[in-house]
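What follows is protein00.tsv (TSV, C-alpha atoms and all ligand atoms).
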```tsv
chain	number	residue	atom	x	y	z
A	1	MET	CA	0.00	0.00	0.00
A	2	THR	CA	1.27	3.44	-0.85
A	3	ILE	CA	0.92	5.97	1.93
A	4	PRO	CA	0.26	9.47	0.64
A	5	LEU	CA	2.21	11.40	3.20
A	6	SER	CA	3.05	15.05	3.04
A	7	PRO	CA	5.27	15.84	0.07
A	8	SER	CA	9.02	16.12	0.33
A	9	ALA	CA	10.16	15.83	3.88
A	10	PRO	CA	13.15	18.14	4.16
A	11	ASN	CA	16.58	16.71	3.54
A	12	THR	CA	18.86	16.34	6.50
A	13	SER	CA	21.77	18.37	5.27
A	14	GLY	CA	20.28	21.43	6.89
A	15	SER	CA	21.49	23.56	4.03
A	16	GLY	CA	19.04	26.13	2.87
A	17	GLU	CA	15.97	24.48	4.41
A	18	PRO	CA	14.04	27.06	6.36
A	19	GLY	CA	13.74	26.06	10.01
A	20	LEU	CA	16.16	23.15	9.67
A	21	GLN	CA	19.62	23.77	10.89
A	22	THR	CA	22.81	21.82	10.55
A	23	VAL	CA	23.97	19.92	13.59
A	24	SER	CA	26.93	17.65	14.05
A	25	PRO	CA	26.11	14.01	14.85
A	26	VAL	CA	28.21	14.41	17.99
A	27	VAL	CA	25.84	17.10	19.27
A	28	ALA	CA	22.76	15.10	18.28
A	29	LEU	CA	24.06	11.96	20.00
A	30	GLY	CA	25.13	13.97	23.06
A	31	TRP	CA	21.60	15.33	23.26
A	32	LEU	CA	20.05	11.85	22.98
A	33	HIS	CA	22.43	10.59	25.67
A	34	THR	CA	20.74	12.91	28.18
A	35	ALA	CA	17.56	10.77	28.02
A	36	LYS	CA	16.07	10.04	31.43
A	37	PHE	CA	12.99	8.10	32.43
A	38	LEU	CA	10.23	10.63	33.03
A	39	THR	CA	7.00	8.76	33.56
A	40	THR	CA	4.85	5.84	32.51
A	41	ALA	CA	1.13	5.67	31.85
A	42	PRO	CA	-1.35	2.97	30.86
A	43	GLN	CA	-3.47	5.43	28.88
A	44	LEU	CA	-3.21	8.80	27.28
A	45	HIS	CA	-5.09	10.68	29.93
A	46	PHE	CA	-2.58	9.66	32.59
A	47	LEU	CA	0.26	11.31	30.66
A	48	PRO	CA	1.21	14.82	31.74
A	49	PRO	CA	0.40	17.47	29.15
A	50	LEU	CA	3.74	18.76	27.87
A	51	GLU	CA	4.81	21.71	25.77
A	52	VAL	CA	8.07	20.33	24.42
A	53	PRO	CA	8.20	18.34	21.17
A	54	GLU	CA	7.51	14.63	21.62
A	55	ILE	CA	8.89	11.91	19.35
A	56	ALA	CA	7.05	8.58	19.46
A	57	PHE	CA	8.66	5.21	18.75
A	58	VAL	CA	6.27	2.56	17.51
A	59	GLY	CA	6.52	-0.87	15.93
A	60	ARG	CA	5.55	-4.48	16.16
A	61	SER	CA	7.04	-6.58	18.96
A	62	ASN	CA	10.56	-7.76	18.21
A	63	ALA	CA	11.11	-5.14	15.49
A	64	GLY	CA	14.12	-3.85	17.41
A	65	LYS	CA	12.54	-0.79	19.02
A	66	SER	CA	14.08	-1.11	22.48
A	67	THR	CA	17.50	-1.85	20.99
A	68	CYS	CA	17.21	1.17	18.70
A	69	ILE	CA	16.23	3.51	21.55
A	70	ASN	CA	19.06	2.19	23.71
A	71	THR	CA	21.53	2.59	20.83
A	72	LEU	CA	20.43	6.13	20.04
A	73	THR	CA	20.58	7.17	23.70
A	74	GLN	CA	23.74	5.13	24.33
A	75	GLN	CA	22.13	3.71	27.45
A	76	LYS	CA	22.02	-0.06	27.75
A	77	GLN	CA	18.91	-0.30	29.89
A	78	LEU	CA	16.81	2.74	29.07
A	79	ALA	CA	14.10	1.26	26.87
A	80	PHE	CA	14.31	-2.14	28.49
A	81	ALA	CA	12.95	-0.31	31.53
A	82	SER	CA	9.75	-0.58	29.53
A	83	LYS	CA	9.93	-4.32	30.09
A	84	LYS	CA	9.49	-3.99	33.84
A	85	PRO	CA	6.34	-5.74	35.07
A	86	GLY	CA	3.34	-3.53	34.58
A	87	ARG	CA	5.02	-1.30	32.04
A	88	THR	CA	4.94	-3.49	28.96
A	89	GLN	CA	1.60	-2.14	27.84
A	90	HIS	CA	2.33	1.41	28.96
A	91	ILE	CA	3.45	4.53	27.18
A	92	ASN	CA	6.86	5.35	28.63
A	93	LEU	CA	8.26	8.87	28.40
A	94	PHE	CA	11.94	9.85	28.50
A	95	SER	CA	12.99	13.46	28.82
A	96	LEU	CA	15.81	14.93	26.76
A	97	GLY	CA	18.00	17.92	27.50
A	98	LYS	CA	20.35	19.11	30.19
A	99	GLN	CA	19.17	18.99	33.80
A	100	GLY	CA	16.32	21.39	34.40
A	101	ALA	CA	16.08	22.22	30.70
A	102	THR	CA	14.03	19.50	29.04
A	103	ASP	CA	13.67	20.42	25.38
A	104	ALA	CA	12.05	17.27	24.01
A	105	VAL	CA	10.57	13.94	25.04
A	106	LEU	CA	10.82	10.45	23.61
A	107	ALA	CA	7.72	8.26	23.90
A	108	ASP	CA	8.18	4.49	23.80
A	109	LEU	CA	4.86	2.92	22.85
A	110	PRO	CA	4.10	-0.75	23.50
A	111	GLY	CA	5.03	-3.17	20.74
A	112	TYR	CA	2.07	-4.69	18.96
A	113	GLY	CA	1.30	-7.86	17.05
A	114	TYR	CA	2.68	-10.31	19.58
A	115	ALA	CA	0.72	-13.49	18.89
A	116	ALA	CA	0.44	-14.69	22.49
A	117	VAL	CA	-1.31	-11.55	23.72
A	118	PRO	CA	-5.02	-12.12	24.46
A	119	LYS	CA	-7.39	-10.54	21.95
A	120	GLN	CA	-8.94	-8.24	24.53
A	121	ASP	CA	-5.50	-6.79	25.33
A	122	LYS	CA	-4.73	-6.32	21.64
A	123	ILE	CA	-7.90	-4.34	21.11
A	124	ARG	CA	-7.27	-2.26	24.19
A	125	TRP	CA	-3.73	-1.54	23.03
A	126	GLN	CA	-4.87	-0.47	19.58
A	127	GLN	CA	-7.29	1.97	21.17
A	128	VAL	CA	-4.64	3.42	23.47
A	129	MET	CA	-2.22	3.75	20.57
A	130	ALA	CA	-4.74	5.34	18.22
A	131	ASN	CA	-5.92	7.74	20.91
A	132	TYR	CA	-2.35	8.78	21.65
A	133	LEU	CA	-1.30	9.18	18.01
A	134	VAL	CA	-4.38	11.13	17.04
A	135	THR	CA	-4.73	13.46	19.99
A	136	ARG	CA	-1.36	13.95	21.71
A	137	GLU	CA	-0.92	17.65	21.13
A	138	ASN	CA	2.84	18.02	21.45
A	139	LEU	CA	3.53	14.97	19.24
A	140	LYS	CA	5.96	16.19	16.62
A	141	ALA	CA	7.31	13.05	14.99
A	142	ILE	CA	6.69	9.33	14.71
A	143	VAL	CA	9.43	6.78	14.24
A	144	LEU	CA	8.14	3.45	12.96
A	145	MET	CA	10.46	0.49	13.45
A	146	CYS	CA	10.23	-2.13	10.77
A	147	ASP	CA	12.23	-5.32	10.34
A	148	PRO	CA	12.89	-5.22	6.58
A	149	ARG	CA	12.86	-9.00	6.38
A	150	HIS	CA	9.13	-8.89	7.21
A	151	GLY	CA	8.15	-5.53	5.72
A	152	LEU	CA	5.08	-3.65	6.89
A	153	THR	CA	2.64	-5.82	8.81
A	154	GLU	CA	-1.11	-5.44	8.89
A	155	LEU	CA	-0.92	-3.58	12.19
A	156	ASP	CA	1.77	-1.25	10.79
A	157	GLU	CA	-0.70	-0.41	8.02
A	158	VAL	CA	-3.44	0.25	10.57
A	159	LEU	CA	-1.10	2.59	12.38
A	160	LEU	CA	-0.24	4.41	9.16
A	161	ASP	CA	-3.93	4.87	8.40
A	162	VAL	CA	-4.40	6.35	11.85
A	163	VAL	CA	-1.56	8.86	11.57
A	164	ARG	CA	-1.96	9.80	7.90
A	165	PRO	CA	-4.13	12.88	8.52
A	166	ARG	CA	-1.64	14.27	11.01
A	167	VAL	CA	1.31	13.54	8.74
A	168	GLU	CA	-0.48	15.42	5.98
A	169	GLU	CA	-0.71	18.33	8.42
A	170	GLY	CA	3.04	18.32	8.98
A	171	LEU	CA	3.78	15.65	11.57
A	172	LYS	CA	7.23	14.23	10.80
A	173	PHE	CA	7.47	10.57	9.94
A	174	LEU	CA	10.43	8.20	9.77
A	175	VAL	CA	10.60	4.49	9.00
A	176	VAL	CA	13.66	2.87	10.54
A	177	LEU	CA	14.57	-0.39	8.80
A	178	THR	CA	16.11	-2.27	11.71
A	179	LYS	CA	18.63	-5.14	11.82
A	180	ALA	CA	20.08	-4.06	8.46
A	181	ASP	CA	23.13	-6.19	9.26
A	182	LYS	CA	20.98	-9.25	8.51
A	183	LEU	CA	20.67	-8.15	4.87
A	184	THR	CA	23.21	-8.09	2.06
A	185	ARG	CA	24.04	-4.76	0.44
A	186	ALA	CA	21.72	-5.56	-2.45
A	187	GLU	CA	18.88	-6.55	-0.12
A	188	GLN	CA	19.37	-3.34	1.84
A	189	SER	CA	19.07	-1.19	-1.29
A	190	LYS	CA	15.97	-3.06	-2.35
A	191	ALA	CA	14.33	-2.81	1.10
A	192	LEU	CA	15.10	0.91	1.19
A	193	ALA	CA	13.64	1.54	-2.25
A	194	ILE	CA	10.45	-0.42	-1.51
A	195	MET	CA	9.89	1.32	1.80
A	196	GLN	CA	10.52	4.74	0.26
A	197	LEU	CA	7.65	4.03	-2.11
A	198	GLN	CA	5.42	2.84	0.71
A	199	ALA	CA	6.28	5.73	2.99
A	200	GLY	CA	5.34	8.41	0.49
A	201	GLY	CA	7.03	11.62	1.64
A	202	GLY	CA	8.27	10.16	4.93
A	203	GLU	CA	11.93	9.52	5.62
A	204	VAL	CA	13.35	6.00	5.52
A	205	ARG	CA	16.69	4.92	7.04
A	206	LEU	CA	18.57	1.66	7.27
A	207	PHE	CA	19.66	0.95	10.82
A	208	SER	CA	21.78	-1.63	12.58
A	209	ALA	CA	22.50	-1.53	16.28
A	210	THR	CA	25.20	-4.18	16.00
A	211	LYS	CA	27.03	-2.50	13.10
A	212	ARG	CA	26.10	1.03	14.23
A	213	GLN	CA	24.74	1.71	10.77
A	214	GLY	CA	22.44	4.71	10.43
A	215	VAL	CA	22.83	5.75	14.07
A	216	GLU	CA	24.28	9.19	13.37
A	217	GLY	CA	21.81	9.91	10.58
A	218	VAL	CA	18.76	9.06	12.66
A	219	ALA	CA	20.12	10.99	15.66
A	220	THR	CA	20.69	14.07	13.51
A	221	LEU	CA	17.21	13.88	12.02
A	222	LEU	CA	15.57	13.62	15.43
A	223	TRP	CA	17.58	16.56	16.75
A	224	GLN	CA	16.57	18.66	13.77
A	225	TRP	CA	12.91	17.76	14.14
A	226	ALA	CA	12.98	18.64	17.84
A	227	HIS	CA	14.73	21.97	17.18
A	228	PRO	CA	13.07	23.30	14.04
A	229	ASP	CA	12.82	26.97	14.83
A	230	VAL	CA	15.97	27.72	16.73
A	231	GLN	CA	17.28	29.98	14.00
A	232	GLN	CA	14.04	31.83	13.55
A	233	PRO	CA	13.62	34.93	15.68
A	234	GLY	CA	10.76	34.63	18.13
A	235	GLY	CA	10.11	30.98	17.35
A	236	ALA	CA	11.11	28.70	20.16
A	237	GLY	CA	9.15	25.89	18.57
A	238	LEU	CA	7.72	24.79	21.86
B	301	LIG	N1	21.31	-8.49	14.31
B	301	LIG	C1	20.61	-7.54	14.94
B	301	LIG	N2	19.70	-7.89	15.87
B	301	LIG	C2	18.99	-6.91	16.47
B	301	LIG	C3	19.18	-5.54	16.14
B	301	LIG	N3	18.31	-4.80	16.88
B	301	LIG	C4	17.63	-5.68	17.64
B	301	LIG	N4	18.03	-6.95	17.40
B	301	LIG	C5	17.53	-8.17	18.05
B	301	LIG	O1	16.14	-8.32	17.78
B	301	LIG	C6	15.46	-8.82	18.91
B	301	LIG	C7	14.34	-7.86	19.31
B	301	LIG	O2	14.91	-6.64	19.72
B	301	LIG	P1	14.16	-5.65	20.73
B	301	LIG	O3	14.94	-4.39	20.75
B	301	LIG	O4	13.89	-6.28	22.05
B	301	LIG	O5	12.78	-5.44	19.95
B	301	LIG	P2	11.42	-4.74	20.42
B	301	LIG	O6	10.49	-5.85	20.84
B	301	LIG	O7	10.93	-4.05	19.20
B	301	LIG	O8	11.73	-3.79	21.53
B	301	LIG	C8	16.52	-9.00	20.00
B	301	LIG	O9	16.94	-10.33	20.01
B	301	LIG	C9	17.63	-8.07	19.56
B	301	LIG	O10	18.89	-8.49	20.02
B	301	LIG	C10	20.17	-5.20	15.14
B	301	LIG	O11	20.40	-4.05	14.78
B	301	LIG	N5	20.84	-6.25	14.58
B	302	MG	MG	10.94	-3.67	23.41
```

I'd like the structure from this file rewritten - as structure tokens, please.
Ligand SMILES: Nc1nc2c(ncn2[C@@H]2O[C@H](COP(=O)(O)OP(=O)(O)O)[C@@H](O)[C@H]2O)c(=O)[nH]1
Ligand SMILES: [Mg+2]
Amino acid sequence: MTIPLSPSAPNTSGSGEPGLQTVSPVVALGWLHTAKFLTTAPQLHFLPPLEVPEIAFVGRSNAGKSTCINTLTQQKQLAFASKKPGRTQHINLFSLGKQGATDAVLADLPGYGYAAVPKQDKIRWQQVMANYLVTRENLKAIVLMCDPRHGLTELDEVLLDVVRPRVEEGLKFLVVLTKADKLTRAEQSKALAIMQLQAGGGEVRLFSATKRQGVEGVATLLWQWAHPDVQQPGGAGL
């Protein structure tokens, strides 16, 4: 299925794009390294309303989401904190920025599609996810983890349907093709090309935690999305 997302997401060079500034990967990774557990909530209405940009990580179970978050933040346990009893079906928030100066938040949403989960729980989760993705006001970007060996699953497609209207209104969207080390070069190129078609105007990146492929590129993109207006006078972007 082709997803008609908003046309031409800006390139990541930062050159000449209004509101997008250049940042070194070192700065972007340093910023991500400041991630700290903020709070956890079973449903949207338990989350604190926030003003800072929020970047949500979503994907089917086992897609590599926790590993990706831990790699980006360079913290071995951060997203696995989401595995603690009682938190697996929660939305977990991590604050970013120096102490006392949170400038963005990462949201780790529960993985979906795990076969052993009872149907009732699956339905409940889909409702929580849809509610969050549609109504969370400070949500600025969605990062969808996808194992390129499986491609988009039915639930990924449901998610894309849910977020499409917001993406058309300017919400940023990135597909991270995880575990790229499991593919040959040729398979990687093919997976990238196919997903670029499916993701319409969204960004697509190959990523490998084990080979550290794509880490700097994704980090830079997230930093840019969380700091869009820094150069513009009067626009703090919050
Ligand atoms: N080879 C390889 N395996 C990975 C990579 N990222 C995750 N995995 C493995 O994929 C499995 C699921 O990863 P996890 O991060 O727990 O997925 P989640 O359920 O989406 O949070 C684990 O066995 C990871 O070790 C990667 O970049 N390369
Ligand atoms: Mg996980």

inquiry  = Can you measure atom CA of Gly200 of chain A to atom CA of Leu222 of chain A for me? One decimal in Å is fine.
reply    =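 Distance reported for this atom pair: 18.8 Å.
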
request  = Output the neighbourhood of ligand MG 302 (chain B) as an MDAnalysis selection string, that is, all protein and nucleic acid residues with some atom at most 12 Å from the ligand, counting only C-alpha atoms and all ligand atoms.
outcome  = chainID A and resid 57:70 77:84 87:92 108:112 114 145

Shell around Ile55 of chain A at 7 Å using all atoms listed in the file, local window under 4 positions removed, as a ChimeraX atom specification = /A:105-107,139-142

ask   = What lies within 6 Å of segment 120-137 of chain A using all atoms listed in the file, ignoring chain neighbours under 2 positions off, as a list in words?
value = Gln43, Leu44, Pro118 and Leu139 of chain A

Those residues with C-alpha atoms, as an mmCIF file, keeping the file's coordinate frame please?
```cif
data_model
loop_
_atom_site.group_PDB
_atom_site.id
_atom_site.type_symbol
_atom_site.label_atom_id
_atom_site.label_comp_id
_atom_site.auth_asym_id
_atom_site.auth_seq_id
_atom_site.Cartn_x
_atom_site.Cartn_y
_atom_site.Cartn_z
ATOM 1 C CA GLN A 43 -3.470 5.430 28.880
ATOM 2 C CA LEU A 44 -3.210 8.800 27.280
ATOM 3 C CA PRO A 118 -5.020 -12.120 24.460
ATOM 4 C CA LEU A 139 3.530 14.970 19.240
#
```

inquiry  = Residues within 12 Å of segment 22-33 of chain A, please, as a PyMOL selection string. Count only C-alpha atoms; anything in the same chain fewer than 5 positions from it doesn't count.
reply    = chain A and resi 11-17+55+68-76+78+94-99+101-106+214-228+230-231

request  = Would you list the contacts of Ser189 of chain A as a PyMOL selection string, taking every protein, DNA or RNA residue within 12 Å and counting only C-alpha atoms, but skipping same-chain residues closer than 6 positions in sequence?
outcome  = chain A and resi 148+177+180+183+195-196+204-206

Can I get the selection written as a short mmCIF file (atom, residue, chain, number, x, y, z; two decimals), keeping the file's coordinate frame, with C-alpha atoms?
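Below is the file result-v1.cif, written as the result:
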```
data_model
loop_
_atom_site.label_atom_id
_atom_site.label_comp_id
_atom_site.auth_asym_id
_atom_site.auth_seq_id
_atom_site.Cartn_x
_atom_site.Cartn_y
_atom_site.Cartn_z
CA PRO A 148 12.89 -5.22 6.58
CA LEU A 177 14.57 -0.39 8.80
CA ALA A 180 20.08 -4.06 8.46
CA LEU A 183 20.67 -8.15 4.87
CA MET A 195 9.89 1.32 1.80
CA GLN A 196 10.52 4.74 0.26
CA VAL A 204 13.35 6.00 5.52
CA ARG A 205 16.69 4.92 7.04
CA LEU A 206 18.57 1.66 7.27
#
```

Starting from the structure just given, write a file holding segment 20-117 of chain A with C-alpha atoms, as a compact mmCIF listing (two decimals), in the first residue's frame.
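decode_8.txt was written with the following content:
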```txt
# COMPACT_ATOMS: atom_id res chain seq x y z
CA LEU A 20 16.16 23.15 9.67
CA GLN A 21 19.62 23.77 10.89
CA THR A 22 22.81 21.82 10.55
CA VAL A 23 23.97 19.92 13.59
CA SER A 24 26.93 17.65 14.05
CA PRO A 25 26.11 14.01 14.85
CA VAL A 26 28.21 14.41 17.99
CA VAL A 27 25.84 17.10 19.27
CA ALA A 28 22.76 15.10 18.28
CA LEU A 29 24.06 11.96 20.00
CA GLY A 30 25.13 13.97 23.06
CA TRP A 31 21.60 15.33 23.26
CA LEU A 32 20.05 11.85 22.98
CA HIS A 33 22.43 10.59 25.67
CA THR A 34 20.74 12.91 28.18
CA ALA A 35 17.56 10.77 28.02
CA LYS A 36 16.07 10.04 31.43
CA PHE A 37 12.99 8.10 32.43
CA LEU A 38 10.23 10.63 33.03
CA THR A 39 7.00 8.76 33.56
CA THR A 40 4.85 5.84 32.51
CA ALA A 41 1.13 5.67 31.85
CA PRO A 42 -1.35 2.97 30.86
CA GLN A 43 -3.47 5.43 28.88
CA LEU A 44 -3.21 8.80 27.28
CA HIS A 45 -5.09 10.68 29.93
CA PHE A 46 -2.58 9.66 32.59
CA LEU A 47 0.26 11.31 30.66
CA PRO A 48 1.21 14.82 31.74
CA PRO A 49 0.40 17.47 29.15
CA LEU A 50 3.74 18.76 27.87
CA GLU A 51 4.81 21.71 25.77
CA VAL A 52 8.07 20.33 24.42
CA PRO A 53 8.20 18.34 21.17
CA GLU A 54 7.51 14.63 21.62
CA ILE A 55 8.89 11.91 19.35
CA ALA A 56 7.05 8.58 19.46
CA PHE A 57 8.66 5.21 18.75
CA VAL A 58 6.27 2.56 17.51
CA GLY A 59 6.52 -0.87 15.93
CA ARG A 60 5.55 -4.48 16.16
CA SER A 61 7.04 -6.58 18.96
CA ASN A 62 10.56 -7.76 18.21
CA ALA A 63 11.11 -5.14 15.49
CA GLY A 64 14.12 -3.85 17.41
CA LYS A 65 12.54 -0.79 19.02
CA SER A 66 14.08 -1.11 22.48
CA THR A 67 17.50 -1.85 20.99
CA CYS A 68 17.21 1.17 18.70
CA ILE A 69 16.23 3.51 21.55
CA ASN A 70 19.06 2.19 23.71
CA THR A 71 21.53 2.59 20.83
CA LEU A 72 20.43 6.13 20.04
CA THR A 73 20.58 7.17 23.70
CA GLN A 74 23.74 5.13 24.33
CA GLN A 75 22.13 3.71 27.45
CA LYS A 76 22.02 -0.06 27.75
CA GLN A 77 18.91 -0.30 29.89
CA LEU A 78 16.81 2.74 29.07
CA ALA A 79 14.10 1.26 26.87
CA PHE A 80 14.31 -2.14 28.49
CA ALA A 81 12.95 -0.31 31.53
CA SER A 82 9.75 -0.58 29.53
CA LYS A 83 9.93 -4.32 30.09
CA LYS A 84 9.49 -3.99 33.84
CA PRO A 85 6.34 -5.74 35.07
CA GLY A 86 3.34 -3.53 34.58
CA ARG A 87 5.02 -1.30 32.04
CA THR A 88 4.94 -3.49 28.96
CA GLN A 89 1.60 -2.14 27.84
CA HIS A 90 2.33 1.41 28.96
CA ILE A 91 3.45 4.53 27.18
CA ASN A 92 6.86 5.35 28.63
CA LEU A 93 8.26 8.87 28.40
CA PHE A 94 11.94 9.85 28.50
CA SER A 95 12.99 13.46 28.82
CA LEU A 96 15.81 14.93 26.76
CA GLY A 97 18.00 17.92 27.50
CA LYS A 98 20.35 19.11 30.19
CA GLN A 99 19.17 18.99 33.80
CA GLY A 100 16.32 21.39 34.40
CA ALA A 101 16.08 22.22 30.70
CA THR A 102 14.03 19.50 29.04
CA ASP A 103 13.67 20.42 25.38
CA ALA A 104 12.05 17.27 24.01
CA VAL A 105 10.57 13.94 25.04
CA LEU A 106 10.82 10.45 23.61
CA ALA A 107 7.72 8.26 23.90
CA ASP A 108 8.18 4.49 23.80
CA LEU A 109 4.86 2.92 22.85
CA PRO A 110 4.10 -0.75 23.50
CA GLY A 111 5.03 -3.17 20.74
CA TYR A 112 2.07 -4.69 18.96
CA GLY A 113 1.30 -7.86 17.05
CA TYR A 114 2.68 -10.31 19.58
CA ALA A 115 0.72 -13.49 18.89
CA ALA A 116 0.44 -14.69 22.49
CA VAL A 117 -1.31 -11.55 23.72
```
